[in-house]
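Q: Below you'll find the structure I mean.
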Amino acid sequence: MATRVRPSNKRCAVIGGSGFLGRHLVEKLLDRGYSVSVFDIRQSYELSGVTFHQGDLCDKQALLPAMKDVSLVFHCASPAPASDDRGLFERVNIQGTRTVIQACIEAGVQKLVLTSSASVVFEGTDIKNGREDLPYAKKPIDYYTETKIEQEKLVLEACDKEKGFLTVAIRPHGIFGPRDPQLVPILVDTARRGKMKFIIGDGTNLVDFTFVENVVYGHILAAERLRSDSPICGKPYHITNDEPVRFWDFMSEVLVGLGYAAPRYHLPYTLVYGLALLLWLLALILRPLVSFKPTFTPMRVALAGTHHYYSCDRAKQDLGYKPVVSLKDGIARTVQSYPHLRQGA
Ligand SMILES: NC(=O)C1=CN([C@@H]2O[C@H](COP(=O)(O)OP(=O)(O)OC[C@H]3O[C@@H](n4cnc5c(N)ncnc54)[C@H](OP(=O)(O)O)[C@@H]3O)[C@@H](O)[C@H]2O)C=CC1
Ligand SMILES: CC(C)=CCC[C@@H](C)[C@H]1CC[C@H]2C3=C(CC[C@]12C)[C@@]1(C)CCC(=O)C[C@@H]1CC3
């Protein structure tokens with residue numbers, strides 16, 4: 001009888017390992033003695049100890065070689081939230097995640113850790129210290145969030161102790177850090193276009209921004225604690241810096257750190273939200289004729305003008321999580337890592 005090679009506990013795969021979070025995760029896994037196979041639609045770097053598999057996660061045959069002899073899979077691939085391509089989100093986040101689950105089961109993978117998002121409960125109105133038992137958003141603010149909800153449900157429902165397939169979801173919020181392609185670049189681009197003069201609302205809304213290394217740490221703790229007798233099977237976990245900060249203070253600190261002026265003038269939230277909604281509708285109606293992408297989308301205005309911060313008590317209790325990098329140090333390291341985005345560079 002052919003004996004099946006039992007996958008090594010230290011061999012894992014990272015789907016989306018070429019992306020911002022994925023690459024930080026890969027680097028930390030290597031530090032901790034794992035060998036890593038990366039699956040991504042693109043290869044963005046080379047690293048010893050990493051095997052790259054390039055392909056679309058919707059293609060099971062392409063995924064399977066990346067999962068060979070692997071006991072643990074991290075799934076942190078997604079189209080960028082800034083896209084408004086509903087079909088792409090549905091195909092990758094929903095159909096693709098079904099395919100990832102099937103491939104894991106077929107390949108004999110024992111643990112799947114999904115990168116979900118704290119936004120799965122956000123509907124554009126205040127969330128203060130939100131816990132994981134908040135209901136999923138009934139009216140998600142965009143297609144990205146809508147499909148992240150379905151993705152999380154699929155992964156958590158696939159958890160099956162009898163079959164030895166265990167799953168858990170990490171819900172980070174506002175990830176920032178070196179090599180982030182979104183937060184700081186969007187902010188600097190907006191500042192360079194002279195549009196970072198205004199504070200939406202009174203500027204006191206608190207938000208979670210999470211340094212990427214804390215998010216990585218939460219993923220690794222979850223993976224290592226995921227056993228059939230642990231309470232974490234099939235559950236979501238918020239991972240944040242546990243230091244909610246005023247959205248506009250965070251933006252100002254990054255801007256000033258990079259040599260730009262902090263926003264100063266206040267605009268009423270409802271006015272800006274209404275205008276963003278109008279612009280969004282206009283863009284939708286005119287799409288067959290002209291294509292333009294407004295900076296102020298309703299989703300961005302909601303993120304900039306409401307409270308949205310989450311409790312990570314459950315992660316502290318079940319995973320032993322505690323942020324490893326403070327917000328202050330995270331901001332300093334981030335600002336330092338973007339010399340090319342400095343004012344005048
Ligand atoms: N950044 C944040 O603030 C937050 C992120 N998250 C979640 O964290 C995860 C990682 O995000 P982040 O690192 O910021 O995102 P990135 O876009 O940097 O990384 C995602 C990676 O997945 C790849 N990818 C996209 N589609 C496919 C596909 N069909 N098959 C294979 N690979 C694919 C991307 O390639 P390409 O770039 O070519 O599309 C990219 O390399 C995502 O699931 C996101 O939803 C959750 C909360 C907050
Ligand atoms: C906490 C969290 C979920 C952060 C998400 C990151 C991005 C959505 C933000 C990064 C830069 C932000 C930004 C704006 C909205 C939210 C971001 C895109 C504005 C467009 C809000 C309105 C402005 O005045 C300009 C801002 C530029 C930066």
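Following the order of the structure tokens, first chain is A, next is B, and so on, with residues numbered from 1 inside each chain and ligands from 1 in the order they appear.
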List every residue of range 65-286 of chain A that DSSP, applied to the backbone, labels as strand (DSSP E), and write the result as a PyMOL selection string.
A: chain A and resi 70-75+111-115+127-130+166-172+175-176+198-200+206-207+210-211+236-239+245-246+265-267
Q: Show me which residues sit within 8 Å of ligand 2 when counting only C-alpha atoms and all ligand atoms, and put them as a ChimeraX atom specification.
A: /A:119,173-175,182-188,190-191,195-200,207-209,247,251,295-297,299-304,308
Q: Write a file of the selected residues as a compact mmCIF listing (two decimals), in the first residue's frame, keeping C-alpha atoms.
A:
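Saved to again-v3.txt:
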# COMPACT_ATOMS: atom_id res chain seq x y z
CA SER A 119 -15.34 45.78 7.40
CA HIS A 173 -8.57 46.78 9.90
CA GLY A 174 -6.71 49.58 8.13
CA ILE A 175 -3.43 47.75 7.53
CA GLN A 182 -2.77 51.84 -0.96
CA LEU A 183 -3.04 53.91 2.19
CA VAL A 184 0.08 56.12 2.06
CA PRO A 185 0.26 56.33 -1.76
CA ILE A 186 -3.43 57.40 -1.99
CA LEU A 187 -2.93 59.90 0.80
CA VAL A 188 0.20 61.41 -0.79
CA THR A 190 -4.38 63.35 -2.79
CA ALA A 191 -2.02 65.78 -1.01
CA LYS A 195 -6.97 67.98 -2.09
CA MET A 196 -5.84 67.22 1.48
CA LYS A 197 -6.90 70.57 2.94
CA PHE A 198 -10.20 69.46 4.42
CA ILE A 199 -11.28 67.47 7.45
CA ILE A 200 -14.60 65.71 6.92
CA VAL A 207 -10.58 54.43 13.74
CA ASP A 208 -8.28 51.40 13.93
CA PHE A 209 -5.12 51.47 11.84
CA PHE A 247 -8.73 59.22 11.61
CA MET A 251 -3.60 61.07 8.36
CA THR A 295 -11.31 60.64 -5.19
CA PHE A 296 -14.27 61.16 -2.87
CA THR A 297 -16.31 57.96 -3.18
CA MET A 299 -17.20 54.51 0.79
CA ARG A 300 -14.07 56.62 1.37
CA VAL A 301 -16.08 59.48 2.86
CA ALA A 302 -17.78 57.03 5.25
CA LEU A 303 -14.38 55.59 6.24
CA ALA A 304 -12.99 59.09 6.79
CA HIS A 308 -14.95 52.34 13.17
Q: Residues within 7 Å of ligand 1, counting only C-alpha atoms and all ligand atoms: report them as a ChimeraX atom specification.
A: /A:15-22,39-42,55-58,76-80,92,115-118,148,171-176,180-181
Q: Let me see the file: selected residues, N, CA, C and O atoms, as a short mmCIF file (atom, residue, chain, number, x, y, z; two decimals), in the first residue's frame.
A:
data_model
loop_
_atom_site.label_atom_id
_atom_site.label_comp_id
_atom_site.auth_asym_id
_atom_site.auth_seq_id
_atom_site.Cartn_x
_atom_site.Cartn_y
_atom_site.Cartn_z
N ILE A 15 -1.45 32.02 -0.26
CA ILE A 15 -2.13 32.46 -1.49
C ILE A 15 -2.26 33.98 -1.39
O ILE A 15 -2.81 34.49 -0.41
N GLY A 16 -1.72 34.68 -2.38
CA GLY A 16 -1.66 36.14 -2.29
C GLY A 16 -0.33 36.58 -1.67
O GLY A 16 -0.19 37.71 -1.21
N GLY A 17 0.65 35.67 -1.71
CA GLY A 17 1.94 35.93 -1.05
C GLY A 17 2.81 36.97 -1.74
O GLY A 17 3.85 37.36 -1.21
N SER A 18 2.40 37.44 -2.94
CA SER A 18 3.16 38.52 -3.59
C SER A 18 2.65 39.89 -3.17
O SER A 18 3.26 40.91 -3.49
N GLY A 19 1.49 39.92 -2.49
CA GLY A 19 0.88 41.20 -2.13
C GLY A 19 1.51 41.82 -0.89
O GLY A 19 2.48 41.29 -0.33
N PHE A 20 0.95 42.93 -0.46
CA PHE A 20 1.48 43.70 0.68
C PHE A 20 1.52 42.86 1.95
O PHE A 20 2.58 42.56 2.50
N LEU A 21 0.37 42.43 2.42
CA LEU A 21 0.33 41.63 3.65
C LEU A 21 1.02 40.28 3.42
O LEU A 21 1.80 39.81 4.25
N GLY A 22 0.71 39.65 2.27
CA GLY A 22 1.22 38.31 1.97
C GLY A 22 2.74 38.25 2.06
O GLY A 22 3.30 37.33 2.66
N PHE A 39 1.47 31.26 -3.78
CA PHE A 39 0.64 31.20 -4.97
C PHE A 39 0.07 32.59 -5.19
O PHE A 39 -0.55 33.17 -4.29
N ASP A 40 0.29 33.13 -6.38
CA ASP A 40 -0.22 34.48 -6.66
C ASP A 40 -0.35 34.64 -8.17
O ASP A 40 0.33 33.95 -8.94
N ILE A 41 -1.17 35.59 -8.55
CA ILE A 41 -1.35 35.86 -9.98
C ILE A 41 -0.12 36.53 -10.57
O ILE A 41 0.09 36.55 -11.77
N ARG A 42 0.71 37.09 -9.68
CA ARG A 42 1.96 37.71 -10.14
C ARG A 42 3.08 37.35 -9.17
O ARG A 42 2.82 37.04 -8.00
N GLY A 55 -0.41 31.86 -10.80
CA GLY A 55 -1.67 31.42 -11.39
C GLY A 55 -2.85 32.11 -10.75
O GLY A 55 -2.70 32.89 -9.82
N ASP A 56 -4.03 31.79 -11.28
CA ASP A 56 -5.28 32.38 -10.79
C ASP A 56 -5.89 31.41 -9.78
O ASP A 56 -6.06 30.22 -10.09
N LEU A 57 -6.24 31.90 -8.61
CA LEU A 57 -6.74 31.00 -7.57
C LEU A 57 -8.09 30.38 -7.91
O LEU A 57 -8.58 29.50 -7.21
N CYS A 58 -8.70 30.85 -8.99
CA CYS A 58 -9.97 30.25 -9.42
C CYS A 58 -9.71 28.94 -10.16
O CYS A 58 -10.65 28.24 -10.54
N CYS A 76 -4.70 35.02 1.56
CA CYS A 76 -4.80 36.48 1.71
C CYS A 76 -4.76 37.18 0.35
O CYS A 76 -4.24 38.27 0.22
N ALA A 77 -5.39 36.54 -0.64
CA ALA A 77 -5.47 37.18 -1.96
C ALA A 77 -6.86 37.79 -2.14
O ALA A 77 -7.85 37.23 -1.69
N SER A 78 -6.90 38.93 -2.78
CA SER A 78 -8.18 39.57 -3.12
C SER A 78 -7.91 40.64 -4.16
O SER A 78 -6.82 41.22 -4.15
N PRO A 79 -8.88 40.92 -5.03
CA PRO A 79 -8.70 42.12 -5.87
C PRO A 79 -8.66 43.35 -4.96
O PRO A 79 -9.22 43.32 -3.85
N ALA A 80 -8.02 44.42 -5.40
CA ALA A 80 -7.90 45.64 -4.58
C ALA A 80 -9.28 46.23 -4.33
O ALA A 80 -10.10 46.30 -5.24
N VAL A 92 -13.34 36.11 -7.89
CA VAL A 92 -12.15 35.79 -7.09
C VAL A 92 -12.53 35.51 -5.63
O VAL A 92 -12.13 34.48 -5.07
N THR A 115 -7.62 35.62 5.46
CA THR A 115 -7.59 37.03 5.81
C THR A 115 -8.92 37.62 5.39
O THR A 115 -9.19 37.81 4.21
N SER A 116 -9.77 37.86 6.37
CA SER A 116 -11.05 38.49 6.09
C SER A 116 -10.87 39.99 6.29
O SER A 116 -9.80 40.52 6.01
N SER A 117 -11.87 40.67 6.82
CA SER A 117 -11.74 42.11 7.08
C SER A 117 -12.75 42.50 8.14
O SER A 117 -13.86 41.99 8.16
N ALA A 118 -12.34 43.45 9.01
CA ALA A 118 -13.29 43.92 10.02
C ALA A 118 -14.46 44.63 9.35
O ALA A 118 -15.55 44.74 9.93
N LYS A 148 -16.38 39.95 0.58
CA LYS A 148 -15.57 39.50 1.73
C LYS A 148 -16.49 38.80 2.75
O LYS A 148 -16.07 37.86 3.43
N ARG A 171 -9.71 39.09 10.99
CA ARG A 171 -10.33 40.32 10.47
C ARG A 171 -9.48 41.53 10.85
O ARG A 171 -9.66 42.11 11.92
N PRO A 172 -8.51 41.92 9.99
CA PRO A 172 -7.71 43.11 10.29
C PRO A 172 -8.49 44.37 9.91
O PRO A 172 -9.53 44.28 9.25
N HIS A 173 -7.95 45.51 10.31
CA HIS A 173 -8.57 46.78 9.90
C HIS A 173 -7.51 47.83 9.63
O HIS A 173 -6.60 48.02 10.44
N GLY A 174 -7.61 48.47 8.46
CA GLY A 174 -6.71 49.58 8.13
C GLY A 174 -5.25 49.20 8.23
O GLY A 174 -4.49 49.82 8.98
N ILE A 175 -4.83 48.20 7.44
CA ILE A 175 -3.43 47.75 7.53
C ILE A 175 -2.51 48.81 6.92
O ILE A 175 -2.79 49.33 5.84
N PHE A 176 -1.43 49.13 7.62
CA PHE A 176 -0.46 50.07 7.05
C PHE A 176 0.94 49.57 7.38
O PHE A 176 1.12 48.71 8.26
N ASP A 180 3.10 49.24 1.60
CA ASP A 180 1.66 49.27 1.39
C ASP A 180 1.36 50.04 0.10
O ASP A 180 1.80 51.17 -0.06
N PRO A 181 0.63 49.42 -0.83
CA PRO A 181 0.40 50.11 -2.10
C PRO A 181 -0.81 51.04 -2.08
O PRO A 181 -1.12 51.67 -3.07
#
Q: For range 201-204 of chain A, find every residue with an atom within 10 Å (counting only C-alpha atoms), except residues of its own chain fewer than 3 positions away, and show them as number ranges by chain.
A: A: 198, 207, 245-249, 264-272, 301, 304-307
Q: Would you kindly return, as a ChimeraX atom specification, each protein, DNA or RNA residue with an atom no farther than 6 Å from any atom of range 256-260 of chain A, considering only C-alpha atoms and excluding same-chain residues fewer than 4 positions away?
A: /A:252,342-343
Q: Would you list the contacts of Gly320 in chain A as a VMD selection string, taking every protein, DNA or RNA residue within 10 Å and counting only C-alpha atoms, but skipping same-chain residues closer than 2 positions in sequence?
A: chain A and resid 218 221 to 222 225 313 to 318 322
Q: Can you tell me, as a list of chain:residue names, what residues are no more than 10 Å from Glu27 in chain A when counting only C-alpha atoms, ignoring any on the same chain fewer than 3 positions away?
A: A:Gly17, A:Gly22, A:Arg23, A:His24, A:Leu30, A:Asp31, A:Arg32, A:Tyr34, A:Val36, A:Leu47, A:Gly49, A:Val50, A:Val216
Q: Output the selection as a PDB file, in the first residue's frame - N, CA and C atoms for each residue.
A:
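Generated output (result_20.pdb):
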ATOM      1  N   GLY A  17       0.649  35.668  -1.705  1.00  0.00           N
ATOM      2  CA  GLY A  17       1.943  35.927  -1.050  1.00  0.00           C
ATOM      3  C   GLY A  17       2.807  36.967  -1.741  1.00  0.00           C
ATOM      4  N   GLY A  22       0.713  39.651   2.267  1.00  0.00           N
ATOM      5  CA  GLY A  22       1.222  38.310   1.966  1.00  0.00           C
ATOM      6  C   GLY A  22       2.739  38.247   2.060  1.00  0.00           C
ATOM      7  N   ARG A  23       3.408  39.257   1.503  1.00  0.00           N
ATOM      8  CA  ARG A  23       4.871  39.217   1.513  1.00  0.00           C
ATOM      9  C   ARG A  23       5.422  39.383   2.930  1.00  0.00           C
ATOM     10  N   HIS A  24       4.819  40.268   3.719  1.00  0.00           N
ATOM     11  CA  HIS A  24       5.251  40.399   5.124  1.00  0.00           C
ATOM     12  C   HIS A  24       5.041  39.078   5.870  1.00  0.00           C
ATOM     13  N   LEU A  30       9.249  32.570   7.202  1.00  0.00           N
ATOM     14  CA  LEU A  30      10.620  32.080   6.965  1.00  0.00           C
ATOM     15  C   LEU A  30      11.458  32.247   8.231  1.00  0.00           C
ATOM     16  N   ASP A  31      11.324  33.419   8.860  1.00  0.00           N
ATOM     17  CA  ASP A  31      12.044  33.678  10.128  1.00  0.00           C
ATOM     18  C   ASP A  31      11.740  32.617  11.169  1.00  0.00           C
ATOM     19  N   ARG A  32      10.494  32.142  11.154  1.00  0.00           N
ATOM     20  CA  ARG A  32      10.079  31.158  12.166  1.00  0.00           C
ATOM     21  C   ARG A  32      10.338  29.725  11.739  1.00  0.00           C
ATOM     22  N   TYR A  34       9.568  28.150   8.802  1.00  0.00           N
ATOM     23  CA  TYR A  34       8.679  27.481   7.853  1.00  0.00           C
ATOM     24  C   TYR A  34       9.320  27.495   6.471  1.00  0.00           C
ATOM     25  N   VAL A  36       8.014  27.920   2.607  1.00  0.00           N
ATOM     26  CA  VAL A  36       6.780  28.539   2.123  1.00  0.00           C
ATOM     27  C   VAL A  36       6.625  28.378   0.622  1.00  0.00           C
ATOM     28  N   LEU A  47      12.930  35.049  -3.129  1.00  0.00           N
ATOM     29  CA  LEU A  47      13.442  34.909  -1.765  1.00  0.00           C
ATOM     30  C   LEU A  47      13.838  33.460  -1.561  1.00  0.00           C
ATOM     31  N   GLY A  49      14.107  29.969   0.093  1.00  0.00           N
ATOM     32  CA  GLY A  49      13.181  29.286   1.001  1.00  0.00           C
ATOM     33  C   GLY A  49      11.743  29.379   0.521  1.00  0.00           C
ATOM     34  N   VAL A  50      11.524  30.150  -0.572  1.00  0.00           N
ATOM     35  CA  VAL A  50      10.167  30.332  -1.092  1.00  0.00           C
ATOM     36  C   VAL A  50      10.069  29.749  -2.499  1.00  0.00           C
ATOM     37  N   VAL A 216       0.325  40.229  10.775  1.00  0.00           N
ATOM     38  CA  VAL A 216       1.064  38.988  10.513  1.00  0.00           C
ATOM     39  C   VAL A 216       1.101  38.127  11.782  1.00  0.00           C
TER      40      VAL A 216
END
Q: Neighbours of Gln102 in chain A within 12 Å (only C-alpha atoms; same-chain residues fewer than 2 positions away dropped), as an MDAnalysis selection string?
A: chainID A and resid 57:61 63:64 67 95:100 104:109 112 154:155 158 165
Q: Keeping C-alpha atoms, export the residues of the selection given above as a PDB file, in the first residue's frame.
A:
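As a result, part_3.pdb now contains:
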ATOM      1  CA  LEU A  57      -6.739  31.000  -7.565  1.00  0.00           C
ATOM      2  CA  CYS A  58      -9.974  30.249  -9.418  1.00  0.00           C
ATOM      3  CA  ASP A  59      -8.082  27.463 -11.199  1.00  0.00           C
ATOM      4  CA  LYS A  60      -7.919  24.365  -8.980  1.00  0.00           C
ATOM      5  CA  GLN A  61      -5.391  22.571 -11.186  1.00  0.00           C
ATOM      6  CA  LEU A  63      -3.495  25.662  -7.078  1.00  0.00           C
ATOM      7  CA  LEU A  64      -2.845  21.978  -6.343  1.00  0.00           C
ATOM      8  CA  MET A  67      -0.391  22.764  -1.827  1.00  0.00           C
ATOM      9  CA  GLN A  95     -15.977  31.339  -6.575  1.00  0.00           C
ATOM     10  CA  GLY A  96     -12.212  31.448  -6.074  1.00  0.00           C
ATOM     11  CA  THR A  97     -12.496  30.860  -2.326  1.00  0.00           C
ATOM     12  CA  ARG A  98     -14.754  27.834  -2.993  1.00  0.00           C
ATOM     13  CA  THR A  99     -12.000  26.556  -5.274  1.00  0.00           C
ATOM     14  CA  VAL A 100      -9.333  27.197  -2.623  1.00  0.00           C
ATOM     15  CA  CYS A 104      -7.153  22.299   0.273  1.00  0.00           C
ATOM     16  CA  ILE A 105      -9.396  19.313   0.971  1.00  0.00           C
ATOM     17  CA  GLU A 106      -8.176  17.456  -2.119  1.00  0.00           C
ATOM     18  CA  ALA A 107      -4.524  18.129  -1.260  1.00  0.00           C
ATOM     19  CA  GLY A 108      -4.948  16.951   2.362  1.00  0.00           C
ATOM     20  CA  VAL A 109      -4.331  20.407   3.884  1.00  0.00           C
ATOM     21  CA  LEU A 112      -6.837  27.154   6.399  1.00  0.00           C
ATOM     22  CA  LEU A 154     -17.612  29.981   3.120  1.00  0.00           C
ATOM     23  CA  VAL A 155     -14.333  29.490   4.961  1.00  0.00           C
ATOM     24  CA  ALA A 158     -16.007  24.653   5.816  1.00  0.00           C
ATOM     25  CA  PHE A 165     -10.057  20.303   8.095  1.00  0.00           C
TER      26      PHE A 165
END
